[in-house]
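For reference, the structure discussed in these notes is given below.
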Amino acid sequence: MQLDYLKDLNEKQSEAVQLQNESALILAGAGSGKTKVLTSRISWLIHNQIVSPNGILAVTFTNKAANEMLSRISLQLGMNPRGMWVGTFHGLCNRFLRLHYKEASLPQTFQILDSSDQLSAIKRLCKILQIDPDKISPKEIQYHINGSKENGMRAKDVKTYDAHTQKINEIYLEYEKQCQREGVADFGELLLRSYELLISNETLRTHYQNRFNHVLVDEFQDTSELQYRWLKLLTGKNNIIFAVGDDDQSIYAFRGANVGNMQSLQHDFNIEKVIKLEQNYRSKNNILSAANEIIKNNEKRLGKDLWTASGDGDPIKVFRALSDSDEAQYILDEIKMWHRKGKSYQNIAILYRSNAQSRILEHSMVSNNIPYRVYGGLRFFERAEVKHALAYLRLIANKQDDNAFLRIVNFPTRGIGNRSLESLQDISKINNTSLWEAAKSSYKTPTSEKGISYFIDLIRKIEDEIQGLTLAESMDVVINFSGLKNHYMNDKDGQDRVSNLEELVSAATTFSENFNGEDKNLELTEFLNYTSLESGELQAKANQDALQLMTIHSAKGLEFDVVFITGLEEGLCPHEQSLIEADGLEEERRLMYVAVTRARENLYLTYAQSRLMYGQTQYNLSSRFLDEIPENLIKKINVIENPQIKQFNQPKQVTQSFSHSEYPYKIGSQVLHKKFGNGVVLSYEGSSNDLRVQVQFADAGTKWLALEFAKLEKL
């Protein structure tokens with residue numbers, strides 16, 4: 001008897017679901033029904049009594065996906081498949097260690113540390129070991145520990161090449177002892193200890209290899225090196241692995257994902273059957289053709305071409321704006337048009353490469369009373385680093401602001417303990433004064449704390465520095481003098497936060513340009529009021545129809561009727577950092593592929609000729625990804641050049657007739673400068689007669705050079 005759900009499968013899906021006794025790699029393109037194939041495969045195996053539920057191990061990347069899988073299987077079979085192991089890597093490893101806690105040298109009731117718990121444990125250890133957080137930050141230690149575990153290495157296995165790394169690794173060793181003593185395990189420990197137990201205990205390994213005849217893996221392109229090694233141990237030589245993934249959607253290298261695992265799988269399991277699911281059930285053909293044309297420029301891919309039976313659809317609209325504010329205005333106008341036509345806000349999404357890009361878009365939405373939601377993140381003025389920077393200005397503007405005082409008095413860390421803060425609060429309460437006044441009263445007295453005295457001096461120094469400066473310049477002083485920028489630059493994942501701080505300077509510049517008053521103090525007060533209003537307005541409520549704003553990374557797995565991909569400029573998308581990283585450009589192109597394939601019906605690609613970055617106007621080239629889309633798929637919506645852009649002291653715009661192929665050095669190529677050394681070409685600006693090149697040098701940072709005088713040598 002054929003199950004009803006099999007009738008809904010296309011030819012390739014059906015082939016994958018009903019594969020006989022062999023391992024397979026299912027190359028599932030975006031919107032091709034991979035979840036349907038995976039769940040149908042499990043149901044088919046159970047229904048045909050090829051394997052019992054006890055003999056199946058199914059691995060997903062989120063609990064939501066695991067629950068959805070179980071729900072679909074129950075619906076398809078008309079029964080609850082009890083005994084099946086379905087879950088995330090961490091969830092399954094936790095289950096495994098709970099069963100074999102003795103063999104794993106863990107207490108039966110061991111506790112799991114989430115990321116914040118782990119950081120707290122590291123801070124506690126650093127205090128015991130008397131580690132100066134200014135020299136070695138707890139977050140740096142956390143990254144070292146998690147990165148080492150991700151690579152399957154204990155502290156004793158890590159090779160260090162300098163005194164700094166050696167010291168961090170010594171702390172890692174002490175952290176291992178502390179966790180073992182306290183009977184706790186972080187997320188990385190769950191996988192690593194499970195792997196170590198399977199490696200060392202042949203009896204257990206053989207038991208699970210005999211049990212799990214069929215191992216199925218979702219989103220296989222996102223597996224790390226250690227996750228793949230764990231899968232290999234459980235699968236064994238005689239078992240069948242069924243991996244579903246898309247190498248073109250591998251965008252999490254920064255989390256340890258190794259797209260090369262897909263090719264390793266083919267080799268390690270002698271997989272002859274690679275089934276390509278290329279029929280897309282989400283997008284129109286013009287959108288898919290654009291995605292195909294973009295991604296085919298990547299060299300390291302298995303290769304496939306998406307297609308659909310739902311028609312070509314509208315051409316992709318490409319909009320060239322004069323500035324980022326014009327770009328935001330165009331997007332706003334189009335959103336209003338779609339909403340008037342009956343399209344709900346929740347079916348419209350704006351995607352961007354960097355979190356900082358959301359600020360000007362959010363401002364447009366607030367100004368026009370359009371409810372929005374930042375998916376997978378916070379709105380711009382709600383982000384911690386932004387609130388920290390603004391708190392310095394709030395305290396300077398109003399010394400009675402105790403909330404601002406408490407937010408920044410010990411951030412970045414100045415070694416001020418809770419007891420000292422409690423003492424200040426007691427003084428404040430007794431004398432009915434602000435915390436600032438309480439701190440001043442104990443300033444440099446015999447009993448005053450060094451950190452608090454330092455903080456008072458810091459605020460006074462910032463006040464002196466910003467005298468006579470513009471609002472944007474004052475914001476810049478705060479970000480640098482407070483130590484916020486250095487604090488986040490030392491954070492492995494801090495680049496986004498630094499970008500948000502830089503965007504705050506741009507926000508101050510824009511505000512000043514529109515401020516009509518003359519009183520500087522009033523301007524500061526009004527700016528602070530503006531930031532509060534922006535963060536407090538139009539907070540989309542649960543289940544409220546709201547526009548979706550998100551980074552491209554956050555958009556993976558989602559789909560919308562109308563999608564705007566913004567900021568398509570060299571240096572933004574692809575991100576400038578990708579040009580100096582191994583395989584960085586290929587990952588950026590996969591990101592663009594993911595972004596394009598989020599659109600069901602209508603796709604907009606926008607870029608700005610000039611963009612306010614860190615309070616300064618920057619002139620940009622359009623993204624190379626736009627050049628990779630054939631003309632017949634797009635409709636260009638151009639604007640007239642603004643003659644003001646070519647004023648004295650401003651760089652000339654790159655003319656459309658001056659194509660990328662005419663540049664003397666390709667973007668991304670390595671060059672040598674006699675003074676600055678080795679560098680990578682990031683972008684160009686100006687015309688062919690007055691061309692400037694932007695180069696990121698290894699030692700000298702990023703510089704704009706007049707090409708005529710730069711005398712660069714191509715490497």
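We name chains A, B, ... following the order of the structure tokens; residues begin at 1 in each chain, and ligands are numbered from 1 as shown.
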So which residues touch Arg414 (chain A) within 9 Å, counting only C-alpha atoms, skipping near sequence neighbours fewer than 5 positions away, as an MDAnalysis selection string? chainID A and resid 134 409 450:452 454:455
Might you pull out every residue within 12 Å of Ala349 (chain A), with only C-alpha atoms counted and same-chain residues fewer than 3 positions away left off, and present them as a PDB file with N, CA and C atoms, in the first residue's frame?
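Saved result, around-v7.pdb, follows:
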ATOM      1  N   ILE A 331      12.679  52.484  -0.490  1.00  0.00           N
ATOM      2  CA  ILE A 331      12.152  51.241   0.095  1.00  0.00           C
ATOM      3  C   ILE A 331      10.838  51.524   0.818  1.00  0.00           C
ATOM      4  N   LEU A 332      10.815  52.629   1.563  1.00  0.00           N
ATOM      5  CA  LEU A 332       9.606  53.021   2.287  1.00  0.00           C
ATOM      6  C   LEU A 332       8.428  53.227   1.326  1.00  0.00           C
ATOM      7  N   GLU A 334       7.966  51.987  -1.640  1.00  0.00           N
ATOM      8  CA  GLU A 334       7.539  50.706  -2.221  1.00  0.00           C
ATOM      9  C   GLU A 334       6.740  49.880  -1.209  1.00  0.00           C
ATOM     10  N   ILE A 335       7.166  49.912   0.034  1.00  0.00           N
ATOM     11  CA  ILE A 335       6.436  49.177   1.082  1.00  0.00           C
ATOM     12  C   ILE A 335       5.027  49.738   1.234  1.00  0.00           C
ATOM     13  N   TRP A 338       2.914  48.484  -1.616  1.00  0.00           N
ATOM     14  CA  TRP A 338       2.496  47.083  -1.457  1.00  0.00           C
ATOM     15  C   TRP A 338       1.409  46.951  -0.392  1.00  0.00           C
ATOM     16  N   LYS A 343      -1.020  43.859   0.701  1.00  0.00           N
ATOM     17  CA  LYS A 343       0.035  42.973   1.197  1.00  0.00           C
ATOM     18  C   LYS A 343       0.279  43.273   2.679  1.00  0.00           C
ATOM     19  N   SER A 344       0.258  42.248   3.509  1.00  0.00           N
ATOM     20  CA  SER A 344       0.504  42.456   4.939  1.00  0.00           C
ATOM     21  C   SER A 344       1.979  42.765   5.169  1.00  0.00           C
ATOM     22  N   TYR A 345       2.264  43.555   6.198  1.00  0.00           N
ATOM     23  CA  TYR A 345       3.648  43.914   6.503  1.00  0.00           C
ATOM     24  C   TYR A 345       4.493  42.668   6.786  1.00  0.00           C
ATOM     25  N   GLN A 346       3.907  41.673   7.442  1.00  0.00           N
ATOM     26  CA  GLN A 346       4.692  40.508   7.842  1.00  0.00           C
ATOM     27  C   GLN A 346       5.177  39.678   6.657  1.00  0.00           C
ATOM     28  N   TYR A 352      19.796  42.976   5.264  1.00  0.00           N
ATOM     29  CA  TYR A 352      21.039  43.736   5.183  1.00  0.00           C
ATOM     30  C   TYR A 352      22.171  42.865   5.694  1.00  0.00           C
ATOM     31  N   LEU A 361      17.079  52.608   8.334  1.00  0.00           N
ATOM     32  CA  LEU A 361      15.819  51.983   7.922  1.00  0.00           C
ATOM     33  C   LEU A 361      14.791  52.080   9.041  1.00  0.00           C
ATOM     34  N   TYR A 372       7.359  47.690  12.887  1.00  0.00           N
ATOM     35  CA  TYR A 372       8.375  46.769  12.366  1.00  0.00           C
ATOM     36  C   TYR A 372       8.929  45.923  13.507  1.00  0.00           C
ATOM     37  N   ARG A 373       9.576  44.865  13.136  1.00  0.00           N
ATOM     38  CA  ARG A 373      10.196  43.965  14.100  1.00  0.00           C
ATOM     39  C   ARG A 373      11.580  43.602  13.584  1.00  0.00           C
ATOM     40  N   VAL A 374      12.607  43.732  14.422  1.00  0.00           N
ATOM     41  CA  VAL A 374      13.948  43.288  14.042  1.00  0.00           C
ATOM     42  C   VAL A 374      14.040  41.814  14.413  1.00  0.00           C
ATOM     43  N   TYR A 375      14.012  40.967  13.407  1.00  0.00           N
ATOM     44  CA  TYR A 375      13.970  39.520  13.626  1.00  0.00           C
ATOM     45  C   TYR A 375      15.345  39.029  14.099  1.00  0.00           C
ATOM     46  N   ALA A 546       3.634  43.245  11.303  1.00  0.00           N
ATOM     47  CA  ALA A 546       4.791  44.136  11.354  1.00  0.00           C
ATOM     48  C   ALA A 546       5.780  43.794  10.254  1.00  0.00           C
ATOM     49  N   LEU A 547       6.400  44.830   9.725  1.00  0.00           N
ATOM     50  CA  LEU A 547       7.458  44.684   8.738  1.00  0.00           C
ATOM     51  C   LEU A 547       8.628  43.939   9.369  1.00  0.00           C
ATOM     52  N   GLN A 548       9.304  43.102   8.577  1.00  0.00           N
ATOM     53  CA  GLN A 548      10.402  42.295   9.099  1.00  0.00           C
ATOM     54  C   GLN A 548      11.750  42.874   8.661  1.00  0.00           C
ATOM     55  N   LEU A 549      12.605  43.233   9.621  1.00  0.00           N
ATOM     56  CA  LEU A 549      13.961  43.681   9.345  1.00  0.00           C
ATOM     57  C   LEU A 549      14.927  42.655   9.919  1.00  0.00           C
ATOM     58  N   MET A 550      15.972  42.310   9.154  1.00  0.00           N
ATOM     59  CA  MET A 550      16.898  41.297   9.657  1.00  0.00           C
ATOM     60  C   MET A 550      18.185  41.252   8.851  1.00  0.00           C
ATOM     61  N   THR A 551      19.232  40.696   9.470  1.00  0.00           N
ATOM     62  CA  THR A 551      20.460  40.431   8.732  1.00  0.00           C
ATOM     63  C   THR A 551      20.216  39.228   7.824  1.00  0.00           C
ATOM     64  N   ILE A 552      21.066  39.082   6.824  1.00  0.00           N
ATOM     65  CA  ILE A 552      20.926  37.938   5.905  1.00  0.00           C
ATOM     66  C   ILE A 552      21.122  36.636   6.671  1.00  0.00           C
ATOM     67  N   SER A 554      20.257  35.977   9.687  1.00  0.00           N
ATOM     68  CA  SER A 554      19.027  35.673  10.426  1.00  0.00           C
ATOM     69  C   SER A 554      17.907  35.191   9.507  1.00  0.00           C
ATOM     70  N   ALA A 555      18.010  35.536   8.210  1.00  0.00           N
ATOM     71  CA  ALA A 555      16.925  35.226   7.266  1.00  0.00           C
ATOM     72  C   ALA A 555      16.923  33.778   6.807  1.00  0.00           C
ATOM     73  N   LEU A 558      13.816  31.306   6.270  1.00  0.00           N
ATOM     74  CA  LEU A 558      12.578  32.075   6.181  1.00  0.00           C
ATOM     75  C   LEU A 558      12.255  32.410   4.733  1.00  0.00           C
ATOM     76  N   GLU A 559      11.032  32.848   4.481  1.00  0.00           N
ATOM     77  CA  GLU A 559      10.628  33.257   3.137  1.00  0.00           C
ATOM     78  C   GLU A 559       9.539  34.315   3.235  1.00  0.00           C
ATOM     79  N   PHE A 560       9.520  35.207   2.232  1.00  0.00           N
ATOM     80  CA  PHE A 560       8.586  36.335   2.227  1.00  0.00           C
ATOM     81  C   PHE A 560       8.116  36.612   0.802  1.00  0.00           C
ATOM     82  N   ASP A 561       6.923  37.191   0.681  1.00  0.00           N
ATOM     83  CA  ASP A 561       6.415  37.539  -0.647  1.00  0.00           C
ATOM     84  C   ASP A 561       7.295  38.583  -1.315  1.00  0.00           C
ATOM     85  N   VAL A 562       7.668  39.611  -0.555  1.00  0.00           N
ATOM     86  CA  VAL A 562       8.459  40.724  -1.089  1.00  0.00           C
ATOM     87  C   VAL A 562       9.718  40.879  -0.237  1.00  0.00           C
ATOM     88  N   VAL A 563      10.878  40.934  -0.911  1.00  0.00           N
ATOM     89  CA  VAL A 563      12.155  41.050  -0.198  1.00  0.00           C
ATOM     90  C   VAL A 563      12.970  42.201  -0.778  1.00  0.00           C
ATOM     91  N   PHE A 564      13.508  43.035   0.112  1.00  0.00           N
ATOM     92  CA  PHE A 564      14.452  44.087  -0.262  1.00  0.00           C
ATOM     93  C   PHE A 564      15.827  43.690   0.280  1.00  0.00           C
ATOM     94  N   ILE A 565      16.815  43.605  -0.596  1.00  0.00           N
ATOM     95  CA  ILE A 565      18.194  43.382  -0.153  1.00  0.00           C
ATOM     96  C   ILE A 565      18.920  44.709  -0.328  1.00  0.00           C
ATOM     97  N   THR A 566      19.365  45.285   0.780  1.00  0.00           N
ATOM     98  CA  THR A 566      19.874  46.656   0.767  1.00  0.00           C
ATOM     99  C   THR A 566      21.392  46.710   0.931  1.00  0.00           C
ATOM    100  N   ALA A 595      20.102  35.184   0.507  1.00  0.00           N
ATOM    101  CA  ALA A 595      19.247  36.377   0.548  1.00  0.00           C
ATOM    102  C   ALA A 595      18.270  36.399  -0.624  1.00  0.00           C
ATOM    103  N   VAL A 596      18.769  36.148  -1.820  1.00  0.00           N
ATOM    104  CA  VAL A 596      17.930  36.187  -3.026  1.00  0.00           C
ATOM    105  C   VAL A 596      16.822  35.145  -2.954  1.00  0.00           C
ATOM    106  N   ARG A 598      15.210  34.049  -0.531  1.00  0.00           N
ATOM    107  CA  ARG A 598      14.168  34.251   0.481  1.00  0.00           C
ATOM    108  C   ARG A 598      12.887  34.800  -0.150  1.00  0.00           C
ATOM    109  N   ALA A 599      12.989  35.344  -1.362  1.00  0.00           N
ATOM    110  CA  ALA A 599      11.845  36.021  -1.998  1.00  0.00           C
ATOM    111  C   ALA A 599      10.962  35.027  -2.736  1.00  0.00           C
ATOM    112  N   ARG A 600       9.667  35.134  -2.503  1.00  0.00           N
ATOM    113  CA  ARG A 600       8.710  34.283  -3.211  1.00  0.00           C
ATOM    114  C   ARG A 600       8.275  34.918  -4.528  1.00  0.00           C
ATOM    115  N   ASN A 602       8.455  38.913  -5.337  1.00  0.00           N
ATOM    116  CA  ASN A 602       9.095  40.149  -5.800  1.00  0.00           C
ATOM    117  C   ASN A 602      10.387  40.398  -5.044  1.00  0.00           C
ATOM    118  N   LEU A 603      11.418  40.754  -5.809  1.00  0.00           N
ATOM    119  CA  LEU A 603      12.732  40.992  -5.223  1.00  0.00           C
ATOM    120  C   LEU A 603      13.247  42.359  -5.649  1.00  0.00           C
ATOM    121  N   TYR A 604      13.754  43.117  -4.663  1.00  0.00           N
ATOM    122  CA  TYR A 604      14.375  44.414  -4.896  1.00  0.00           C
ATOM    123  C   TYR A 604      15.834  44.353  -4.447  1.00  0.00           C
TER     124      TYR A 604
END
If we count only C-alpha atoms, what is near region 422-437 of chain A at a cut-off of 7 Å, once residues fewer than 6 positions away on the same chain are taken out, given as a PDB file with C-alpha atoms, in the first residue's frame?
ATOM      1  CA  LYS A 399      24.370  64.299  36.670  1.00  0.00           C
ATOM      2  CA  GLN A 400      21.123  63.297  38.427  1.00  0.00           C
ATOM      3  CA  ASP A 402      21.377  57.432  38.346  1.00  0.00           C
TER       4      ASP A 402
END
With only C-alpha atoms as the counted atoms, please give the residues lying no more than 9 Å from region 608-616 of chain A, apart from itself and same-chain residues fewer than 5 positions off, as a PyMOL selection string. chain A and resi 319-327+472-473+476+499+501-510+566-569+621-622+645+653-654
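All residues of protein, DNA or RNA that reach within 8 Å of Arg589 (chain A), judged by only C-alpha atoms and not counting those fewer than 2 positions away in the chain, are Ile294, Ile295, Asn298, Pro574, Leu585, Glu586, Glu587, Leu591, Met592, Tyr593 and Phe625 of chain A.
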Quick one: residues within 12 Å of Ile128 (chain A), only C-alpha atoms counted, chain neighbours fewer than 4 positions away excluded, as a PDB file with all heavy atoms, in the first residue's frame?
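around_24.pdb, written as the output of this step:
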ATOM      1  N   ALA A 121      31.108  31.519  35.113  1.00  0.00           N
ATOM      2  CA  ALA A 121      32.037  30.558  35.721  1.00  0.00           C
ATOM      3  C   ALA A 121      33.489  30.944  35.426  1.00  0.00           C
ATOM      4  O   ALA A 121      34.364  30.825  36.290  1.00  0.00           O
ATOM      5  CB  ALA A 121      31.758  29.152  35.197  1.00  0.00           C
ATOM      6  N   ILE A 122      33.733  31.428  34.212  1.00  0.00           N
ATOM      7  CA  ILE A 122      35.086  31.858  33.830  1.00  0.00           C
ATOM      8  C   ILE A 122      35.494  33.098  34.624  1.00  0.00           C
ATOM      9  O   ILE A 122      36.625  33.198  35.106  1.00  0.00           O
ATOM     10  CB  ILE A 122      35.152  32.131  32.308  1.00  0.00           C
ATOM     11  CG1 ILE A 122      34.999  30.809  31.536  1.00  0.00           C
ATOM     12  CG2 ILE A 122      36.455  32.820  31.925  1.00  0.00           C
ATOM     13  CD1 ILE A 122      34.788  30.977  30.041  1.00  0.00           C
ATOM     14  N   LYS A 123      34.575  34.038  34.791  1.00  0.00           N
ATOM     15  CA  LYS A 123      34.870  35.253  35.569  1.00  0.00           C
ATOM     16  C   LYS A 123      35.199  34.893  37.022  1.00  0.00           C
ATOM     17  O   LYS A 123      36.114  35.471  37.629  1.00  0.00           O
ATOM     18  CB  LYS A 123      33.672  36.203  35.525  1.00  0.00           C
ATOM     19  CG  LYS A 123      33.483  36.898  34.184  1.00  0.00           C
ATOM     20  CD  LYS A 123      32.234  37.777  34.185  1.00  0.00           C
ATOM     21  CE  LYS A 123      32.059  38.492  32.849  1.00  0.00           C
ATOM     22  NZ  LYS A 123      30.808  39.296  32.810  1.00  0.00           N
ATOM     23  N   ARG A 124      34.439  33.959  37.551  1.00  0.00           N
ATOM     24  CA  ARG A 124      34.673  33.526  38.936  1.00  0.00           C
ATOM     25  C   ARG A 124      36.063  32.898  39.067  1.00  0.00           C
ATOM     26  O   ARG A 124      36.794  33.158  40.028  1.00  0.00           O
ATOM     27  CB  ARG A 124      33.569  32.532  39.325  1.00  0.00           C
ATOM     28  CG  ARG A 124      33.620  32.031  40.752  1.00  0.00           C
ATOM     29  CD  ARG A 124      32.271  31.475  41.178  1.00  0.00           C
ATOM     30  NE  ARG A 124      31.666  30.621  40.179  1.00  0.00           N
ATOM     31  CZ  ARG A 124      31.897  29.319  40.062  1.00  0.00           C
ATOM     32  NH1 ARG A 124      32.750  28.729  40.892  1.00  0.00           N
ATOM     33  NH2 ARG A 124      31.270  28.604  39.141  1.00  0.00           N
ATOM     34  N   ASP A 132      43.991  39.656  35.551  1.00  0.00           N
ATOM     35  CA  ASP A 132      43.575  41.029  35.246  1.00  0.00           C
ATOM     36  C   ASP A 132      42.680  41.009  34.000  1.00  0.00           C
ATOM     37  O   ASP A 132      43.151  40.674  32.908  1.00  0.00           O
ATOM     38  CB  ASP A 132      44.801  41.904  34.990  1.00  0.00           C
ATOM     39  CG  ASP A 132      44.442  43.377  34.782  1.00  0.00           C
ATOM     40  OD1 ASP A 132      43.239  43.675  34.615  1.00  0.00           O
ATOM     41  OD2 ASP A 132      45.361  44.208  34.766  1.00  0.00           O
ATOM     42  N   ILE A 171      44.495  28.769  31.836  1.00  0.00           N
ATOM     43  CA  ILE A 171      43.187  29.043  32.452  1.00  0.00           C
ATOM     44  C   ILE A 171      42.171  28.008  31.974  1.00  0.00           C
ATOM     45  O   ILE A 171      41.318  27.542  32.748  1.00  0.00           O
ATOM     46  CB  ILE A 171      42.721  30.471  32.109  1.00  0.00           C
ATOM     47  CG1 ILE A 171      43.724  31.502  32.642  1.00  0.00           C
ATOM     48  CG2 ILE A 171      41.329  30.745  32.693  1.00  0.00           C
ATOM     49  CD1 ILE A 171      43.498  32.909  32.132  1.00  0.00           C
ATOM     50  N   GLU A 174      42.544  24.989  34.078  1.00  0.00           N
ATOM     51  CA  GLU A 174      41.929  25.179  35.390  1.00  0.00           C
ATOM     52  C   GLU A 174      40.399  25.163  35.290  1.00  0.00           C
ATOM     53  O   GLU A 174      39.712  24.693  36.194  1.00  0.00           O
ATOM     54  CB  GLU A 174      42.401  26.503  36.007  1.00  0.00           C
ATOM     55  CG  GLU A 174      43.874  26.529  36.383  1.00  0.00           C
ATOM     56  CD  GLU A 174      44.253  25.405  37.333  1.00  0.00           C
ATOM     57  OE1 GLU A 174      43.505  25.183  38.310  1.00  0.00           O
ATOM     58  OE2 GLU A 174      45.281  24.748  37.103  1.00  0.00           O
ATOM     59  N   TYR A 175      39.889  25.684  34.186  1.00  0.00           N
ATOM     60  CA  TYR A 175      38.436  25.681  33.947  1.00  0.00           C
ATOM     61  C   TYR A 175      37.918  24.247  33.843  1.00  0.00           C
ATOM     62  O   TYR A 175      36.855  23.915  34.393  1.00  0.00           O
ATOM     63  CB  TYR A 175      38.130  26.456  32.668  1.00  0.00           C
ATOM     64  CG  TYR A 175      36.695  26.352  32.181  1.00  0.00           C
ATOM     65  CD1 TYR A 175      35.668  27.101  32.757  1.00  0.00           C
ATOM     66  CD2 TYR A 175      36.362  25.495  31.130  1.00  0.00           C
ATOM     67  CE1 TYR A 175      34.358  27.000  32.309  1.00  0.00           C
ATOM     68  CE2 TYR A 175      35.055  25.387  30.668  1.00  0.00           C
ATOM     69  CZ  TYR A 175      34.060  26.137  31.261  1.00  0.00           C
ATOM     70  OH  TYR A 175      32.767  26.026  30.813  1.00  0.00           O
ATOM     71  N   GLN A 178      37.733  22.893  37.297  1.00  0.00           N
ATOM     72  CA  GLN A 178      36.625  23.500  38.036  1.00  0.00           C
ATOM     73  C   GLN A 178      35.293  22.867  37.635  1.00  0.00           C
ATOM     74  O   GLN A 178      34.461  22.538  38.498  1.00  0.00           O
ATOM     75  CB  GLN A 178      36.588  25.009  37.775  1.00  0.00           C
ATOM     76  CG  GLN A 178      35.396  25.725  38.407  1.00  0.00           C
ATOM     77  CD  GLN A 178      35.419  27.225  38.165  1.00  0.00           C
ATOM     78  OE1 GLN A 178      36.199  27.940  38.787  1.00  0.00           O
ATOM     79  NE2 GLN A 178      34.573  27.716  37.254  1.00  0.00           N
TER      80      GLN A 178
END
Best match for closeness to Gly188 (chain A) among A:Asn398, A:Thr606, A:Ser224, A:Asn67, counting only C-alpha atoms: A:Ser224
In terms of the shortest atom-to-atom distance over only C-alpha atoms, which of A:Lys387, A:Arg98, A:Lys156, A:His164 is closest to Ile141 (chain A)? A:His164
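Going from CA of Val477 (chain A) to CA of Glu140 (chain A) covers 25.8 Å.
The space separating CA of Tyr195 (chain A) from CA of Val51 (chain A) comes to 25.0 Å.
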Secondary structure check, alpha helix (DSSP H) residues of region 242-459 of chain A, as number ranges by chain: A: 261-268, 285-295, 324-340, 358-367, 384-397, 402-408, 418-431, 435-441, 450-459
In Å and to one decimal, CA of Gly417 (chain A) is distant from CA of Arg394 (chain A) by 22.7 Å
